[in-house]
$ cat structure01.cif   # mmCIF, C-alpha atoms
data_run
#
loop_
_atom_site.label_atom_id
_atom_site.label_comp_id
_atom_site.auth_asym_id
_atom_site.auth_seq_id
_atom_site.Cartn_x
_atom_site.Cartn_y
_atom_site.Cartn_z
CA MET A 1 41.30 -12.94 17.97
CA THR A 2 40.94 -11.49 14.50
CA PRO A 3 43.83 -9.20 13.51
CA LEU A 4 42.83 -5.55 13.75
CA ALA A 5 43.44 -4.76 10.06
CA VAL A 6 41.28 -7.67 8.94
CA SER A 7 38.56 -6.56 11.31
CA ILE A 8 38.61 -2.99 9.98
CA VAL A 9 38.57 -4.04 6.34
CA GLY A 10 35.78 -6.54 7.02
CA ALA A 11 33.67 -4.00 8.88
CA LEU A 12 34.10 -1.39 6.15
CA ALA A 13 33.15 -3.87 3.41
CA SER A 14 30.09 -5.04 5.35
CA PHE A 15 29.01 -1.50 6.02
CA ALA A 16 29.35 -0.75 2.31
CA ILE A 17 26.84 -3.53 1.63
CA VAL A 18 24.34 -1.85 3.95
CA LEU A 19 24.85 1.50 2.21
CA VAL A 20 24.42 -0.05 -1.26
CA VAL A 21 21.17 -1.71 -0.15
CA LEU A 22 19.83 1.57 1.25
CA GLU A 23 20.71 3.37 -1.97
CA LEU A 24 18.97 0.67 -4.03
CA ILE A 25 15.76 1.12 -2.03
CA ARG A 26 16.00 4.88 -2.27
CA THR A 27 16.16 4.78 -6.05
CA ARG A 28 13.36 2.18 -6.10
CA ARG A 29 15.48 -0.53 -7.67
CA LEU A 30 14.89 -2.87 -4.74
CA ARG A 31 11.61 -3.54 -2.97
CA GLU A 32 11.56 -3.25 0.81
CA ARG A 33 10.53 -6.91 1.02
CA TYR A 34 13.92 -8.05 -0.28
CA ALA A 35 15.78 -5.13 1.20
CA LEU A 36 15.02 -6.33 4.73
CA LEU A 37 16.81 -9.62 4.00
CA TRP A 38 19.90 -7.90 2.62
CA LEU A 39 19.99 -5.27 5.33
CA LEU A 40 19.93 -8.01 7.93
CA THR A 41 22.80 -9.76 6.15
CA GLY A 42 24.84 -6.59 6.01
CA ILE A 43 24.24 -5.87 9.68
CA VAL A 44 25.18 -9.41 10.78
CA LEU A 45 28.38 -9.23 8.71
CA THR A 46 29.25 -5.85 10.17
CA VAL A 47 28.75 -7.12 13.70
CA LEU A 48 30.85 -10.24 13.06
CA ALA A 49 33.65 -8.11 11.61
CA ALA A 50 33.62 -5.54 14.38
CA TRP A 51 33.22 -7.99 17.25
CA ARG A 52 36.72 -9.34 17.01
CA ASN A 53 36.26 -12.28 19.33
CA GLY A 54 32.78 -13.04 18.03
CA LEU A 55 33.53 -15.94 15.75
CA ASN A 56 35.50 -17.80 18.43
CA THR A 57 32.77 -17.17 21.00
CA ILE A 58 29.99 -18.41 18.74
CA ALA A 59 32.06 -21.44 17.69
CA GLY A 60 32.45 -22.20 21.40
CA TRP A 61 28.68 -22.06 21.91
CA VAL A 62 27.93 -24.60 19.22
CA GLY A 63 30.87 -26.81 20.16
CA VAL A 64 33.13 -26.27 17.15
CA ARG A 65 36.77 -26.67 18.15
CA GLY A 66 39.91 -26.30 16.09
CA TYR A 67 38.65 -24.16 13.23
CA PRO A 68 36.07 -21.50 14.28
CA PRO A 69 35.53 -20.07 10.74
CA ALA A 70 33.77 -23.35 9.88
CA VAL A 71 30.76 -21.92 11.72
CA LEU A 72 30.78 -18.91 9.43
CA PHE A 73 30.95 -21.09 6.32
CA ALA A 74 28.15 -23.34 7.51
CA VAL A 75 25.85 -20.44 8.38
CA GLY A 76 26.75 -18.63 5.15
CA LEU A 77 26.06 -21.68 3.02
CA LEU A 78 22.70 -22.29 4.69
CA PHE A 79 21.79 -18.66 4.19
CA VAL A 80 22.67 -18.74 0.49
CA LEU A 81 20.63 -21.93 0.07
CA ALA A 82 17.65 -20.32 1.79
CA VAL A 83 17.88 -17.26 -0.46
CA LEU A 84 18.08 -19.46 -3.57
CA LEU A 85 15.05 -21.42 -2.46
CA HIS A 86 13.18 -18.19 -1.93
CA TYR A 87 14.13 -17.02 -5.41
CA SER A 88 12.84 -20.27 -6.85
CA THR A 89 9.43 -19.59 -5.31
CA VAL A 90 9.50 -16.03 -6.65
CA ILE A 91 10.40 -17.21 -10.16
CA SER A 92 7.62 -19.82 -10.02
CA ARG A 93 5.08 -17.15 -9.11
CA LEU A 94 6.34 -14.81 -11.85
CA SER A 95 6.07 -17.62 -14.44
CA ASP A 96 2.49 -18.34 -13.38
CA GLN A 97 1.58 -14.69 -13.61
CA ASN A 98 3.27 -14.42 -16.99
CA THR A 99 1.15 -17.29 -18.29
CA ILE A 100 -2.02 -15.62 -17.05
CA LEU A 101 -1.03 -12.34 -18.70
CA ALA A 102 -0.34 -14.05 -22.02
CA GLN A 103 -3.69 -15.86 -21.89
CA ARG A 104 -5.58 -12.69 -21.06
CA LEU A 105 -3.82 -10.87 -23.89
CA ALA A 106 -4.71 -13.61 -26.41
CA LEU A 107 -8.37 -13.53 -25.33
CA MET A 108 -8.49 -9.75 -25.56
CA GLU A 109 -6.85 -9.75 -28.99
CA LEU A 110 -9.43 -12.18 -30.30
CA GLN A 111 -12.23 -10.11 -28.80
CA LEU A 112 -10.89 -6.93 -30.41
CA ARG A 113 -10.43 -8.60 -33.81
CA GLU A 114 -13.92 -10.05 -33.79
CA ARG A 115 -15.41 -6.73 -32.79
CA ALA A 116 -13.48 -4.95 -35.54
CA GLU A 117 -14.70 -7.48 -38.13
CA GLN A 118 -18.31 -6.96 -37.07
CA GLU A 119 -18.12 -3.25 -37.77
CA MET B 1 -28.46 -9.03 4.48
CA ALA B 2 -29.81 -6.02 6.31
CA GLU B 3 -32.11 -3.73 4.42
CA LEU B 4 -30.50 -0.74 2.81
CA GLU B 5 -30.99 2.62 4.39
CA LEU B 6 -31.76 4.93 1.52
CA ALA B 7 -32.53 7.97 3.64
CA ALA B 8 -31.29 10.21 0.80
CA PRO B 9 -27.88 11.04 2.23
CA PRO B 10 -27.43 13.99 -0.01
CA ALA B 11 -24.30 14.67 -1.94
CA GLU B 12 -25.97 18.00 -2.74
CA HIS B 13 -25.00 19.15 0.74
CA VAL B 14 -21.40 19.37 -0.46
CA ALA B 15 -21.40 22.72 -2.21
CA GLY B 16 -19.63 22.68 -5.55
CA LEU B 17 -19.39 18.91 -5.80
CA SER B 18 -21.89 18.49 -8.63
CA SER B 19 -19.76 20.54 -11.04
CA LEU B 20 -16.75 18.25 -10.55
CA LYS B 21 -16.01 15.02 -12.36
CA ARG B 22 -15.90 12.58 -9.48
CA LEU B 23 -14.99 8.95 -9.00
CA ALA B 24 -15.20 6.38 -6.23
CA ILE B 25 -12.41 3.82 -6.33
CA VAL B 26 -13.40 0.58 -4.60
CA PRO B 27 -10.58 -1.92 -4.13
CA ALA B 28 -12.06 -5.38 -3.61
CA MET B 29 -10.60 -8.82 -3.20
CA ASN B 30 -13.09 -11.61 -2.58
CA GLU B 31 -15.74 -9.22 -1.28
CA GLU B 32 -18.83 -10.76 -2.92
CA ALA B 33 -20.70 -10.44 0.38
CA SER B 34 -20.32 -6.69 0.61
CA VAL B 35 -19.27 -5.10 -2.68
CA GLY B 36 -22.82 -4.92 -4.08
CA ARG B 37 -24.06 -3.04 -1.05
CA VAL B 38 -21.09 -0.65 -1.17
CA ILE B 39 -21.88 0.21 -4.81
CA ASP B 40 -25.59 0.69 -4.05
CA GLU B 41 -24.77 2.98 -1.16
CA LEU B 42 -22.38 5.02 -3.28
CA ASN B 43 -25.03 5.41 -5.97
CA ALA B 44 -27.58 6.37 -3.35
CA PHE B 45 -25.20 8.95 -1.92
CA ASP B 46 -24.38 10.54 -5.26
CA PRO B 47 -25.80 9.19 -8.53
CA GLY B 48 -23.42 11.48 -10.44
CA MET B 49 -20.35 9.85 -8.96
CA ASP B 50 -18.81 7.14 -11.13
CA VAL B 51 -17.81 3.96 -9.35
CA VAL B 52 -14.83 1.90 -10.42
CA VAL B 53 -14.27 -1.41 -8.65
CA VAL B 54 -10.72 -2.70 -8.83
CA ASP B 55 -11.06 -6.45 -8.53
CA ASP B 56 -7.70 -7.56 -7.18
CA GLY B 57 -7.65 -11.13 -8.42
CA SER B 58 -10.82 -12.30 -6.67
CA VAL B 59 -11.78 -15.95 -6.98
CA ASP B 60 -15.40 -15.33 -6.01
CA ARG B 61 -18.23 -13.40 -7.71
CA THR B 62 -16.95 -9.92 -6.80
CA ALA B 63 -16.44 -8.76 -10.40
CA GLY B 64 -19.76 -10.16 -11.66
CA ILE B 65 -21.74 -8.56 -8.85
CA ALA B 66 -20.01 -5.22 -9.40
CA VAL B 67 -20.79 -5.28 -13.14
CA ASP B 68 -24.44 -6.14 -12.39
CA ARG B 69 -24.72 -3.13 -10.09
CA GLY B 70 -23.52 -0.86 -12.85
CA ALA B 71 -19.99 -0.18 -11.66
CA HIS B 72 -17.01 0.02 -13.95
CA VAL B 73 -14.85 -2.98 -13.13
CA LEU B 74 -11.12 -3.24 -13.60
CA ARG B 75 -10.32 -6.91 -13.24
CA LEU B 76 -6.67 -7.48 -12.43
CA PRO B 77 -5.40 -10.78 -13.87
CA PHE B 78 -3.91 -11.75 -10.53
CA ASN B 79 -3.57 -10.34 -7.05
CA LEU B 80 -1.38 -7.24 -6.94
CA GLY B 81 -2.05 -6.29 -3.34
CA ILE B 82 -3.84 -3.17 -2.16
CA GLY B 83 -1.09 -0.82 -3.38
CA GLY B 84 -1.12 -2.11 -6.95
CA ALA B 85 -4.92 -2.23 -6.96
CA MET B 86 -5.33 1.34 -5.74
CA GLN B 87 -2.78 2.63 -8.21
CA THR B 88 -4.80 1.00 -11.00
CA GLY B 89 -7.75 3.05 -9.77
CA PHE B 90 -5.69 6.25 -9.65
CA ARG B 91 -4.43 5.62 -13.20
CA TYR B 92 -8.03 5.19 -14.34
CA ALA B 93 -8.95 8.45 -12.61
CA PHE B 94 -5.96 10.26 -14.11
CA GLU B 95 -6.50 9.04 -17.67
CA HIS B 96 -10.18 9.92 -17.60
CA GLY B 97 -9.53 13.36 -16.18
CA TYR B 98 -11.39 13.10 -12.88
CA ASP B 99 -11.26 16.14 -10.60
CA ILE B 100 -11.70 14.22 -7.39
CA ALA B 101 -11.50 10.59 -6.31
CA VAL B 102 -12.54 8.89 -3.11
CA GLN B 103 -11.25 5.56 -1.87
CA VAL B 104 -13.95 3.37 -0.34
CA ASP B 105 -13.07 -0.17 0.69
CA GLY B 106 -15.10 -2.98 -0.83
CA ASP B 107 -15.56 -4.68 2.54
CA GLY B 108 -18.19 -2.19 3.67
CA GLN B 109 -16.29 -0.73 6.62
CA HIS B 110 -16.47 2.75 5.10
CA ASP B 111 -19.88 4.39 5.31
CA PRO B 112 -20.69 6.41 2.16
CA THR B 113 -22.94 8.70 4.20
CA GLU B 114 -19.71 9.92 5.83
CA LEU B 115 -18.35 10.99 2.43
CA PRO B 116 -19.29 14.70 2.77
CA LYS B 117 -16.76 14.98 5.59
CA ILE B 118 -13.83 13.82 3.47
CA LEU B 119 -15.07 15.38 0.23
CA GLY B 120 -15.62 18.84 1.69
CA PRO B 121 -12.01 20.02 2.16
CA VAL B 122 -10.99 18.82 -1.33
CA VAL B 123 -13.99 20.40 -3.04
CA SER B 124 -13.45 23.71 -1.27
CA GLY B 125 -9.81 23.68 -2.35
CA ARG B 126 -8.52 23.53 1.22
CA ALA B 127 -6.77 20.18 0.84
CA ASP B 128 -5.33 17.83 -1.78
CA LEU B 129 -5.70 14.71 0.35
CA VAL B 130 -8.28 14.18 3.07
CA VAL B 131 -7.99 11.15 5.34
CA GLY B 132 -10.92 9.99 7.44
CA THR B 133 -9.55 9.18 10.88
CA ARG B 134 -11.09 6.69 13.29
CA PHE B 135 -9.60 8.48 16.27
CA GLY B 136 -11.47 11.75 16.17
CA GLY B 137 -14.15 10.76 18.62
CA GLU B 138 -16.66 9.60 15.99
CA GLY B 139 -17.74 6.08 16.77
CA GLU B 140 -15.47 3.61 18.50
CA PHE B 141 -12.63 1.58 17.19
CA ARG B 142 -11.72 -1.87 18.35
CA SER B 143 -8.64 -3.76 17.29
CA THR B 144 -5.92 -6.06 18.52
CA ALA B 145 -3.26 -4.71 20.86
CA ILE B 146 -0.43 -5.07 18.37
CA ARG B 147 -2.32 -3.19 15.69
CA ARG B 148 -3.13 -0.39 18.09
CA VAL B 149 0.57 -0.10 18.98
CA GLY B 150 1.46 -0.08 15.29
CA ILE B 151 -1.07 2.62 14.52
CA ARG B 152 0.36 4.74 17.37
CA VAL B 153 3.94 4.29 16.18
CA PHE B 154 3.01 5.25 12.63
CA ALA B 155 1.00 8.25 13.78
CA TRP B 156 3.92 9.52 15.85
CA THR B 157 6.51 8.93 13.11
CA VAL B 158 4.44 10.36 10.28
CA SER B 159 3.46 13.40 12.36
CA ARG B 160 7.16 14.19 12.84
CA ILE B 161 7.96 13.74 9.15
CA VAL B 162 5.10 15.74 7.69
CA GLY B 163 5.20 18.40 10.39
CA GLN B 164 1.54 18.26 11.31
CA ARG B 165 -0.46 16.08 13.65
CA VAL B 166 -1.93 12.97 12.07
CA THR B 167 -3.66 10.26 14.07
CA ASP B 168 -4.71 7.57 11.61
CA THR B 169 -2.15 6.92 8.88
CA THR B 170 -3.51 3.49 7.96
CA SER B 171 -7.04 4.63 7.19
CA GLY B 172 -8.14 3.76 3.66
CA PHE B 173 -11.11 6.15 3.69
CA ARG B 174 -9.71 9.04 1.65
CA ALA B 175 -10.53 11.75 -0.83
CA ILE B 176 -7.98 13.15 -3.22
CA GLY B 177 -7.89 16.01 -5.72
CA ARG B 178 -6.42 16.34 -9.21
CA ARG B 179 -2.82 16.86 -8.20
CA GLY B 180 -2.91 13.96 -5.78
CA ILE B 181 -4.42 11.73 -8.45
CA ALA B 182 -1.60 12.67 -10.82
CA LEU B 183 0.98 11.93 -8.11
CA PHE B 184 -0.45 8.53 -7.18
CA ALA B 185 -1.04 7.52 -10.80
CA ALA B 186 2.69 7.96 -11.37
CA ASP B 187 3.97 6.53 -8.09
CA TYR B 188 2.23 4.60 -5.33
CA PRO B 189 3.76 2.37 -2.65
CA HIS B 190 3.43 -1.43 -2.83
CA ASP B 191 2.48 -3.71 0.01
CA TYR B 192 0.91 -1.55 2.69
CA PRO B 193 0.60 1.79 0.97
CA GLU B 194 -1.47 4.17 3.10
CA VAL B 195 1.24 5.24 5.54
CA GLU B 196 3.84 5.98 2.87
CA ALA B 197 1.25 7.60 0.62
CA THR B 198 0.50 10.07 3.39
CA VAL B 199 4.17 11.02 3.56
CA MET B 200 4.45 11.21 -0.25
CA VAL B 201 1.64 13.74 -0.33
CA ALA B 202 3.41 15.95 2.18
CA LYS B 203 6.74 15.60 0.37
CA ALA B 204 5.08 16.63 -2.89
CA ARG B 205 3.98 19.82 -1.07
CA LEU B 206 0.34 18.90 -1.31
CA ARG B 207 -1.95 19.76 1.55
CA LEU B 208 -3.11 17.05 3.91
CA VAL B 209 -6.17 17.25 6.16
CA GLU B 210 -7.54 14.68 8.59
CA VAL B 211 -11.20 14.62 9.52
CA PRO B 212 -12.92 12.42 12.10
CA VAL B 213 -15.28 9.83 10.66
CA ALA B 214 -17.19 6.85 12.00
CA MET B 215 -16.38 3.47 10.51
CA ARG B 216 -18.42 0.32 10.57
CA GLU B 217 -17.60 -3.26 11.36
CA ARG B 218 -16.69 -5.25 8.27
CA VAL B 219 -19.69 -6.67 6.45
CA GLY B 220 -17.93 -9.69 4.97
CA GLY B 221 -14.50 -11.09 4.25
CA ARG B 222 -11.64 -10.52 6.65
CA SER B 223 -8.85 -8.03 7.08
CA SER B 224 -5.87 -8.67 4.85
CA ILE B 225 -3.59 -7.93 7.79
CA THR B 226 -3.30 -10.92 10.11
CA ALA B 227 -1.67 -10.71 13.53
CA LEU B 228 1.39 -12.57 12.29
CA ARG B 229 1.97 -10.12 9.49
CA SER B 230 1.62 -7.07 11.69
CA VAL B 231 5.23 -7.13 12.83
CA TYR B 232 6.57 -7.49 9.31
CA TYR B 233 4.20 -4.72 8.28
CA MET B 234 5.57 -2.37 10.92
CA VAL B 235 9.23 -3.06 10.15
CA LYS B 236 8.68 -2.75 6.42
CA VAL B 237 6.75 0.49 6.61
CA LEU B 238 9.15 2.08 9.11
CA LEU B 239 12.05 1.16 6.81
CA ALA B 240 10.18 2.65 3.86
CA LEU B 241 9.47 5.83 5.83
CA PHE B 242 13.10 6.12 6.87
CA ILE B 243 14.35 5.63 3.32
CA GLY B 244 11.67 8.00 2.11
CA LEU B 245 13.34 10.80 4.02
CA PHE B 246 16.26 10.59 1.59
CA ARG B 247 14.19 10.15 -1.53
CA ARG B 248 13.42 12.92 -3.96
CA TYR B 249 9.76 13.12 -4.83
CA ALA B 250 8.30 14.61 -7.94
CA VAL B 251 6.35 17.76 -7.20
CA PRO B 252 3.37 17.77 -9.56
CA GLY B 253 3.27 20.72 -11.94
CA GLU B 254 1.32 23.82 -11.01
CA GLU B 255 -0.18 24.28 -14.48
CA GLU B 256 -3.67 23.14 -13.53
CA ASP B 257 -3.85 25.74 -10.77
CA LYS B 258 -6.44 28.37 -11.40
#

$ encode --input "structure01.cif" --output "structure tokens"
Amino acid sequence: MTPLAVSIVGALASFAIVLVVLELIRTRRLRERYALLWLLTGIVLTVLAAWRNGLNTIAGWVGVRGYPPAVLFAVGLLFVLAVLLHYSTVISRLSDQNTILAQRLALMELQLRERAEQE
Amino acid sequence: MAELELAAPPAEHVAGLSSLKRLAIVPAMNEEASVGRVIDELNAFDPGMDVVVVDDGSVDRTAGIAVDRGAHVLRLPFNLGIGGAMQTGFRYAFEHGYDIAVQVDGDGQHDPTELPKILGPVVSGRADLVVGTRFGGEGEFRSTAIRRVGIRVFAWTVSRIVGQRVTDTTSGFRAIGRRGIALFAADYPHDYPEVEATVMVAKARLRLVEVPVAMRERVGGRSSITALRSVYYMVKVLLALFIGLFRRYAVPGEEEDK
């Protein structure tokens, strides 16, 4: 079982993440779309920290013996990879949109210049 | 396409409307089948009402058709979603000094002959935002079970937050006055905006009124909200509403009050 002090510190830190996310949404620095992901993360971390036998129990379910935290690392790593992949898709979309904006701007500039020359 | 009914649905019946600068904002994404008819009906209802179509990144002939029918067309370079599209319309209304704006969807589900009902309370100065509700006994409304549940949950939640009974928070058939236009031009929610916008109006101490209207079946296109997205929609909006309780909203200035 996780030592009590570790559990308390972990739970407090995880809960802080949830609070920070809520504050970021409140001040409109984070869209709800991404906030849901981070809120979920914060909640899962809080639960794992507070449920002191949780890690051992879950390790038992998936058949990990000897070193239960390995489950945490595996899940955490997968999660981080998934988030990175998601960001890659977001960046791709932003780049595409940026290209379209630049093209539209160039076309409009030409149009304006030609109109100004006609007058 | 069915023949247009041009039975002179008279905007003149709304007393005081003709002296106001008025605008219809028509958000449209791939609505080539219906947007032309919507513009014609708006012009038939009130020739003095300007129509601005916000083309939200359509890949069909929506923008071309709208220009041909004499509407102003704001063509967004790519899809922003209904929130971004509507805010573009509100910015247009704000910058051109419109007194009143109505939101009429480009898919044809909103009947312009119903406009007097939502225009009336704004024109008479009784409300800043009027929402046409589908649940007031006018016409019937059919939808999937999950969407009906969602609409109920939103109605209950929003009613508690704004302190008055609202039944249809997701309706996009709305009329809004000067102060509401200023508010939405500055700040409008993103993905699924109607529910939050309703709360924003109340938080900004503007007056909200719901009136029963009949809505039609969609003429073309399909709803942007699929069954799969409904759950995400509900969670996202409820989160936004919850956070909204702790958010400070700008209260538009009183200077334009007479």

$ closest_residue --input "structure01.cif" --among "B:Val59, B:Asp40, B:Val231, B:Val26" --to "Ala145 (chain B)" --atoms "all atoms listed in the file"
B:Val231

$ residues_around --input "structure01.cif" --residues "Ala202 (chain B)" --least-positions-apart "6" --cutoff "12 Å" --atoms "all atoms listed in the file" --output "PyMOL selection string"
chain B and resi 127-130+158-164+166+180+183+195-196+208-209+244-245+249-252

$ resolve_selection --input "structure01.cif" --expression "the PyMOL selection byres ((chain B) within 12 of (chain A))" --output "ChimeraX atom specification"
/B:57,75-80,187-192,232-249

$ resolve_selection --input "structure01.cif" --expression "the PyMOL selection byres ((chain B and resi 67-71) around 8)" --output "number ranges by chain"
B: 36, 39-40, 50-53, 63-66, 72-73

$ closest_residue --input "structure01.cif" --among "A:Leu81, A:Leu55, A:Leu40, A:Ile17" --to "Met1 (chain A)" --atoms "all atoms listed in the file"
A:Leu55

$ atom_distance --input "structure01.cif" --atom1 "CA of Val38 (chain B)" --atom2 "CA of Leu17 (chain B)"
20.2 Å

$ residues_around --input "structure01.cif" --residues "Lys21 (chain B)" --least-positions-apart "3" --cutoff "12 Å" --atoms "all atoms listed in the file" --output "PyMOL selection string"
chain B and resi 16-18+24+46+48-51+93-94+96-102+123+177-178

$ write_last_selection --input "structure01.cif" --atoms "C-alpha atoms" --output "PDB file, keeping the file's coordinate frame"
ATOM      1  CA  GLY B  16     -19.630  22.680  -5.550  1.00  0.00           C
ATOM      2  CA  LEU B  17     -19.390  18.910  -5.800  1.00  0.00           C
ATOM      3  CA  SER B  18     -21.890  18.490  -8.630  1.00  0.00           C
ATOM      4  CA  ALA B  24     -15.200   6.380  -6.230  1.00  0.00           C
ATOM      5  CA  ASP B  46     -24.380  10.540  -5.260  1.00  0.00           C
ATOM      6  CA  GLY B  48     -23.420  11.480 -10.440  1.00  0.00           C
ATOM      7  CA  MET B  49     -20.350   9.850  -8.960  1.00  0.00           C
ATOM      8  CA  ASP B  50     -18.810   7.140 -11.130  1.00  0.00           C
ATOM      9  CA  VAL B  51     -17.810   3.960  -9.350  1.00  0.00           C
ATOM     10  CA  ALA B  93      -8.950   8.450 -12.610  1.00  0.00           C
ATOM     11  CA  PHE B  94      -5.960  10.260 -14.110  1.00  0.00           C
ATOM     12  CA  HIS B  96     -10.180   9.920 -17.600  1.00  0.00           C
ATOM     13  CA  GLY B  97      -9.530  13.360 -16.180  1.00  0.00           C
ATOM     14  CA  TYR B  98     -11.390  13.100 -12.880  1.00  0.00           C
ATOM     15  CA  ASP B  99     -11.260  16.140 -10.600  1.00  0.00           C
ATOM     16  CA  ILE B 100     -11.700  14.220  -7.390  1.00  0.00           C
ATOM     17  CA  ALA B 101     -11.500  10.590  -6.310  1.00  0.00           C
ATOM     18  CA  VAL B 102     -12.540   8.890  -3.110  1.00  0.00           C
ATOM     19  CA  VAL B 123     -13.990  20.400  -3.040  1.00  0.00           C
ATOM     20  CA  GLY B 177      -7.890  16.010  -5.720  1.00  0.00           C
ATOM     21  CA  ARG B 178      -6.420  16.340  -9.210  1.00  0.00           C
TER      22      ARG B 178
END

$ residues_near_point --input "structure01.cif" --point "(-2.5, 4.3, 2.9)" --cutoff "10 Å" --atoms "all atoms listed in the file" --output "JSON, numbers by chain"
{"B": [82, 83, 86, 131, 168, 169, 170, 171, 172, 173, 174, 188, 189, 191, 192, 193, 194, 195, 196, 197, 198, 199]}
